[in-house]
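Student: Have a peek at coords-v3.pdb (PDB, C-alpha atoms).
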```pdb
ATOM      1  CA  MET A1030      -5.030  80.766 -30.238  1.00  0.00           C
ATOM      2  CA  THR A1031      -5.289  79.513 -26.677  1.00  0.00           C
ATOM      3  CA  THR A1032      -8.609  78.640 -25.117  1.00  0.00           C
ATOM      4  CA  TYR A1033      -9.063  78.649 -21.388  1.00  0.00           C
ATOM      5  CA  LEU A1034     -12.090  77.391 -19.541  1.00  0.00           C
ATOM      6  CA  PRO A1035     -12.586  77.920 -15.843  1.00  0.00           C
ATOM      7  CA  LYS A1036     -12.389  74.792 -13.699  1.00  0.00           C
ATOM      8  CA  GLU A1037     -16.137  74.901 -12.912  1.00  0.00           C
ATOM      9  CA  VAL A1038     -17.013  74.956 -16.619  1.00  0.00           C
ATOM     10  CA  GLN A1039     -14.647  72.041 -17.357  1.00  0.00           C
ATOM     11  CA  GLU A1040     -16.189  70.010 -14.510  1.00  0.00           C
ATOM     12  CA  GLY A1041     -19.694  70.832 -15.760  1.00  0.00           C
ATOM     13  CA  LEU A1042     -18.794  69.725 -19.295  1.00  0.00           C
ATOM     14  CA  GLU A1043     -17.295  66.492 -17.978  1.00  0.00           C
ATOM     15  CA  GLN A1044     -20.421  65.746 -15.913  1.00  0.00           C
ATOM     16  CA  ALA A1045     -22.632  66.423 -18.936  1.00  0.00           C
ATOM     17  CA  ARG A1046     -20.489  64.111 -21.076  1.00  0.00           C
ATOM     18  CA  LYS A1047     -20.746  61.295 -18.489  1.00  0.00           C
ATOM     19  CA  ARG A1048     -24.502  61.785 -18.149  1.00  0.00           C
ATOM     20  CA  ASP A1049     -24.865  61.609 -21.941  1.00  0.00           C
ATOM     21  CA  LEU A1050     -22.781  58.398 -22.111  1.00  0.00           C
ATOM     22  CA  ARG A1051     -24.930  56.806 -19.372  1.00  0.00           C
ATOM     23  CA  ARG A1052     -28.138  57.663 -21.227  1.00  0.00           C
ATOM     24  CA  LYS A1053     -26.906  56.320 -24.564  1.00  0.00           C
ATOM     25  CA  SER A1054     -25.507  53.075 -23.200  1.00  0.00           C
ATOM     26  CA  ARG A1055     -27.837  50.219 -22.355  1.00  0.00           C
ATOM     27  CA  LEU A1056     -24.929  48.020 -21.293  1.00  0.00           C
ATOM     28  CA  ARG A1057     -24.597  47.153 -17.612  1.00  0.00           C
ATOM     29  CA  VAL A1058     -22.099  45.118 -15.602  1.00  0.00           C
ATOM     30  CA  SER A1059     -23.369  43.043 -12.701  1.00  0.00           C
ATOM     31  CA  ALA A1060     -20.894  42.036 -10.005  1.00  0.00           C
ATOM     32  CA  GLY A1061     -22.756  40.211  -7.274  1.00  0.00           C
ATOM     33  CA  ASP A1062     -25.578  42.521  -6.153  1.00  0.00           C
ATOM     34  CA  ASP A1063     -23.941  45.653  -7.606  1.00  0.00           C
ATOM     35  CA  VAL A1064     -24.775  46.961 -11.091  1.00  0.00           C
ATOM     36  CA  PHE A1065     -22.693  49.556 -12.941  1.00  0.00           C
ATOM     37  CA  PRO A1066     -23.441  51.305 -16.274  1.00  0.00           C
ATOM     38  CA  VAL A1067     -20.850  50.650 -19.011  1.00  0.00           C
ATOM     39  CA  LEU A1068     -19.718  53.889 -20.629  1.00  0.00           C
ATOM     40  CA  GLU A1069     -17.506  52.315 -23.305  1.00  0.00           C
ATOM     41  CA  PHE A1070     -17.404  48.801 -24.734  1.00  0.00           C
ATOM     42  CA  ARG A1071     -14.768  47.383 -27.048  1.00  0.00           C
ATOM     43  CA  GLU A1072     -13.592  43.972 -28.153  1.00  0.00           C
ATOM     44  CA  GLY A1073     -11.029  43.513 -25.394  1.00  0.00           C
ATOM     45  CA  GLY A1074     -12.924  45.074 -22.510  1.00  0.00           C
ATOM     46  CA  PHE A1075     -15.063  47.917 -21.251  1.00  0.00           C
ATOM     47  CA  ALA A1076     -14.879  51.109 -19.222  1.00  0.00           C
ATOM     48  CA  LEU A1077     -16.881  52.402 -16.249  1.00  0.00           C
ATOM     49  CA  ASP A1078     -17.144  55.817 -14.630  1.00  0.00           C
ATOM     50  CA  LEU A1079     -14.119  56.255 -12.375  1.00  0.00           C
ATOM     51  CA  ASP A1080     -16.141  58.032  -9.669  1.00  0.00           C
ATOM     52  CA  ASN A1081     -18.360  55.060  -8.802  1.00  0.00           C
ATOM     53  CA  ALA A1082     -16.411  52.111 -10.237  1.00  0.00           C
ATOM     54  CA  PRO A1083     -14.617  49.830  -7.818  1.00  0.00           C
ATOM     55  CA  LYS A1084     -11.495  47.916  -8.742  1.00  0.00           C
ATOM     56  CA  LEU A1085     -13.515  44.986 -10.070  1.00  0.00           C
ATOM     57  CA  ARG A1086     -11.763  41.681 -10.551  1.00  0.00           C
ATOM     58  CA  GLY A1087     -13.106  38.240 -11.245  1.00  0.00           C
ATOM     59  CA  LEU A1088     -16.385  36.981 -12.656  1.00  0.00           C
ATOM     60  CA  VAL A1089     -19.009  39.520 -13.809  1.00  0.00           C
ATOM     61  CA  ASP A1090     -22.068  39.413 -16.054  1.00  0.00           C
ATOM     62  CA  LEU A1091     -22.578  41.849 -18.930  1.00  0.00           C
ATOM     63  CA  TYR A1092     -26.156  42.827 -19.859  1.00  0.00           C
ATOM     64  CA  ASP A1093     -27.754  44.819 -22.667  1.00  0.00           C
ATOM     65  CA  GLY A1094     -30.859  46.074 -20.905  1.00  0.00           C
ATOM     66  CA  SER A1095     -32.327  42.863 -19.489  1.00  0.00           C
ATOM     67  CA  ARG A1096     -30.675  40.545 -22.024  1.00  0.00           C
ATOM     68  CA  HIS A1097     -27.688  38.607 -20.675  1.00  0.00           C
ATOM     69  CA  LEU A1098     -24.852  38.921 -23.216  1.00  0.00           C
ATOM     70  CA  TYR A1099     -21.649  37.609 -21.651  1.00  0.00           C
ATOM     71  CA  GLN A1100     -20.181  36.072 -18.568  1.00  0.00           C
ATOM     72  CA  CYS A1101     -16.730  37.579 -18.257  1.00  0.00           C
ATOM     73  CA  LEU A1102     -13.596  37.092 -16.234  1.00  0.00           C
ATOM     74  CA  ILE A1103     -12.065  40.554 -15.893  1.00  0.00           C
ATOM     75  CA  VAL A1104      -9.236  42.485 -14.315  1.00  0.00           C
ATOM     76  CA  ALA A1105      -8.978  46.247 -13.711  1.00  0.00           C
ATOM     77  CA  SER A1106      -6.577  47.574 -16.311  1.00  0.00           C
ATOM     78  CA  GLU A1107      -5.969  51.314 -15.953  1.00  0.00           C
ATOM     79  CA  GLU A1108      -7.412  54.690 -15.125  1.00  0.00           C
ATOM     80  CA  ASP A1109      -7.955  56.691 -18.301  1.00  0.00           C
ATOM     81  CA  GLY A1110      -9.053  60.222 -17.445  1.00  0.00           C
ATOM     82  CA  ALA A1111     -12.542  59.902 -15.965  1.00  0.00           C
ATOM     83  CA  LEU A1112     -12.847  56.215 -16.945  1.00  0.00           C
ATOM     84  CA  MET A1113     -11.717  52.997 -15.292  1.00  0.00           C
ATOM     85  CA  ARG A1114     -10.833  50.427 -17.946  1.00  0.00           C
ATOM     86  CA  TYR A1115     -11.256  46.682 -17.487  1.00  0.00           C
ATOM     87  CA  GLU A1116      -9.795  43.957 -19.702  1.00  0.00           C
ATOM     88  CA  PHE A1117     -11.350  40.580 -20.472  1.00  0.00           C
ATOM     89  CA  LYS A1118      -9.358  37.527 -19.490  1.00  0.00           C
ATOM     90  CA  ARG A1119     -12.270  35.412 -20.732  1.00  0.00           C
ATOM     91  CA  SER A1120     -15.583  36.373 -22.279  1.00  0.00           C
ATOM     92  CA  THR A1121     -18.191  33.659 -22.848  1.00  0.00           C
ATOM     93  CA  ALA A1122     -21.428  34.362 -24.696  1.00  0.00           C
ATOM     94  CA  ALA A1123     -24.474  33.626 -22.552  1.00  0.00           C
ATOM     95  CA  VAL A1124     -26.966  31.119 -23.958  1.00  0.00           C
ATOM     96  CA  ASP A1125     -30.506  30.412 -22.834  1.00  0.00           C
ATOM     97  CA  LYS A1126     -30.381  26.625 -23.248  1.00  0.00           C
ATOM     98  CA  ALA A1127     -27.880  23.950 -22.322  1.00  0.00           C
ATOM     99  CA  PRO A1128     -25.471  22.809 -25.023  1.00  0.00           C
ATOM    100  CA  LEU A1129     -26.033  19.412 -26.602  1.00  0.00           C
ATOM    101  CA  ASP A1130     -23.475  16.737 -25.879  1.00  0.00           C
ATOM    102  CA  PHE A1131     -24.129  15.016 -29.209  1.00  0.00           C
ATOM    103  CA  ALA A1132     -24.448  15.985 -32.884  1.00  0.00           C
ATOM    104  CA  ARG A1133     -28.066  16.443 -33.940  1.00  0.00           C
ATOM    105  CA  ASP A1134     -29.031  15.074 -37.372  1.00  0.00           C
ATOM    106  CA  GLU A1135     -30.393  17.730 -39.770  1.00  0.00           C
ATOM    107  CA  ASN A1136     -33.366  15.556 -40.753  1.00  0.00           C
ATOM    108  CA  ALA A1137     -34.185  14.334 -37.259  1.00  0.00           C
ATOM    109  CA  PRO A1138     -37.839  14.658 -36.221  1.00  0.00           C
ATOM    110  CA  ILE A1139     -38.658  17.614 -34.013  1.00  0.00           C
ATOM    111  CA  ALA A1140     -41.476  15.920 -32.095  1.00  0.00           C
ATOM    112  CA  LEU A1141     -43.228  12.560 -31.819  1.00  0.00           C
ATOM    113  CA  LEU A1142     -46.917  12.511 -32.710  1.00  0.00           C
ATOM    114  CA  SER A1143     -48.994   9.596 -31.466  1.00  0.00           C
ATOM    115  CA  LYS A1144     -52.709   8.706 -31.431  1.00  0.00           C
TER     116      LYS A1144
END
```
Using structure tokens, write down the structure that the file contains.
Tutor:
Amino acid sequence: MTTYLPKEVQEGLEQARKRDLRRKSRLRVSAGDDVFPVLEFREGGFALDLDNAPKLRGLVDLYDGSRHLYQCLIVASEEDGALMRYEFKRSTAAVDKAPLDFARDENAPIALLSK
């Protein structure tokens, strides 16, 4: 059995699918002042909507809502249907405090109390 959908119906279904992916995903990519919603995320990279995704390359920040997850070095990989795929060259987890440059003792005091 062959199914045929008119072009307008196929375009409408594709737009609805993209809109649904945007609503479900809280992930965002920030490149300078521009912010793009991430439609797919996987271990080696992510995908953006092809219609409004530039050929990003270089350093970007990946956010889950307002929480900074990763600082990534990326390169545009391929066009996959309605998605533009990007691969990580480097992905570093974002931390909210500076790393220590020494080993902290487990039993070290947390604070100094004085009179």
Student: Find the distance between atom CA of A:Val1064 and atom CA of A:Cys1101 and write it in Å to one decimal.
Tutor: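 It comes out at 14.3 Å.
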Student: Please, what distance in Å, to one decimal, runs between atom CA of A:Gly1094 and atom CA of A:Arg1057?
Tutor: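 Distance between the two atoms: 7.2 Å.
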Student: Just want the 10 Å neighbourhood of A:Glu1108, counted on all atoms listed in the file, with same-chain residues fewer than 2 positions away dropped. Output as a ChimeraX atom specification.
Tutor: /A:1076-1079,1105-1106,1110-1115
Student: I need the output of the PyMOL selection byres ((chain A and resi 1085-1093) around 7) for this file as a ChimeraX atom specification; which residues are they?
Tutor: /A:1055-1060,1083-1084,1094-1105
Student: Any chance you can output those residues with C-alpha atoms as a compact mmCIF listing (two decimals), in the frame of the given file?
Tutor:
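Once everything was written out, this is part33.txt:
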```txt
# COMPACT_ATOMS: atom_id res chain seq x y z
CA ARG A 1055 -27.84 50.22 -22.36
CA LEU A 1056 -24.93 48.02 -21.29
CA ARG A 1057 -24.60 47.15 -17.61
CA VAL A 1058 -22.10 45.12 -15.60
CA SER A 1059 -23.37 43.04 -12.70
CA ALA A 1060 -20.89 42.04 -10.01
CA PRO A 1083 -14.62 49.83 -7.82
CA LYS A 1084 -11.50 47.92 -8.74
CA GLY A 1094 -30.86 46.07 -20.90
CA SER A 1095 -32.33 42.86 -19.49
CA ARG A 1096 -30.68 40.54 -22.02
CA HIS A 1097 -27.69 38.61 -20.68
CA LEU A 1098 -24.85 38.92 -23.22
CA TYR A 1099 -21.65 37.61 -21.65
CA GLN A 1100 -20.18 36.07 -18.57
CA CYS A 1101 -16.73 37.58 -18.26
CA LEU A 1102 -13.60 37.09 -16.23
CA ILE A 1103 -12.06 40.55 -15.89
CA VAL A 1104 -9.24 42.48 -14.32
CA ALA A 1105 -8.98 46.25 -13.71
```
Student: Taking only C-alpha atoms into account, name the residue in A:Phe1131, A:Lys1126, A:Tyr1033, A:Phe1117 that is nearest to A:Phe1070.
Tutor: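 Comparing A:Phe1131, A:Lys1126, A:Tyr1033, A:Phe1117 against A:Phe1070, the winner is A:Phe1117.
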Student: Taking into account all atoms listed in the file, which residue in the set A:Glu1043, A:Leu1068, A:Val1038, A:Gly1074 is nearest to A:Glu1116?
Tutor: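 Using all atoms listed in the file, the shortest distance to A:Glu1116 belongs to A:Gly1074.
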Student: Which distance in Å separates atom CA of A:Gly1073 and atom CA of A:Lys1118, to one decimal?
Tutor: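 Separation of atom CA of A:Gly1073 and atom CA of A:Lys1118: 8.6 Å.
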Student: Restricting the calculation to all atoms listed in the file, which member of A:Thr1032, A:Leu1129, A:Ser1120, A:Gln1044 is positioned closest to A:Phe1075?
Tutor: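 Using all atoms listed in the file, A:Phe1075 sits closest to A:Ser1120.
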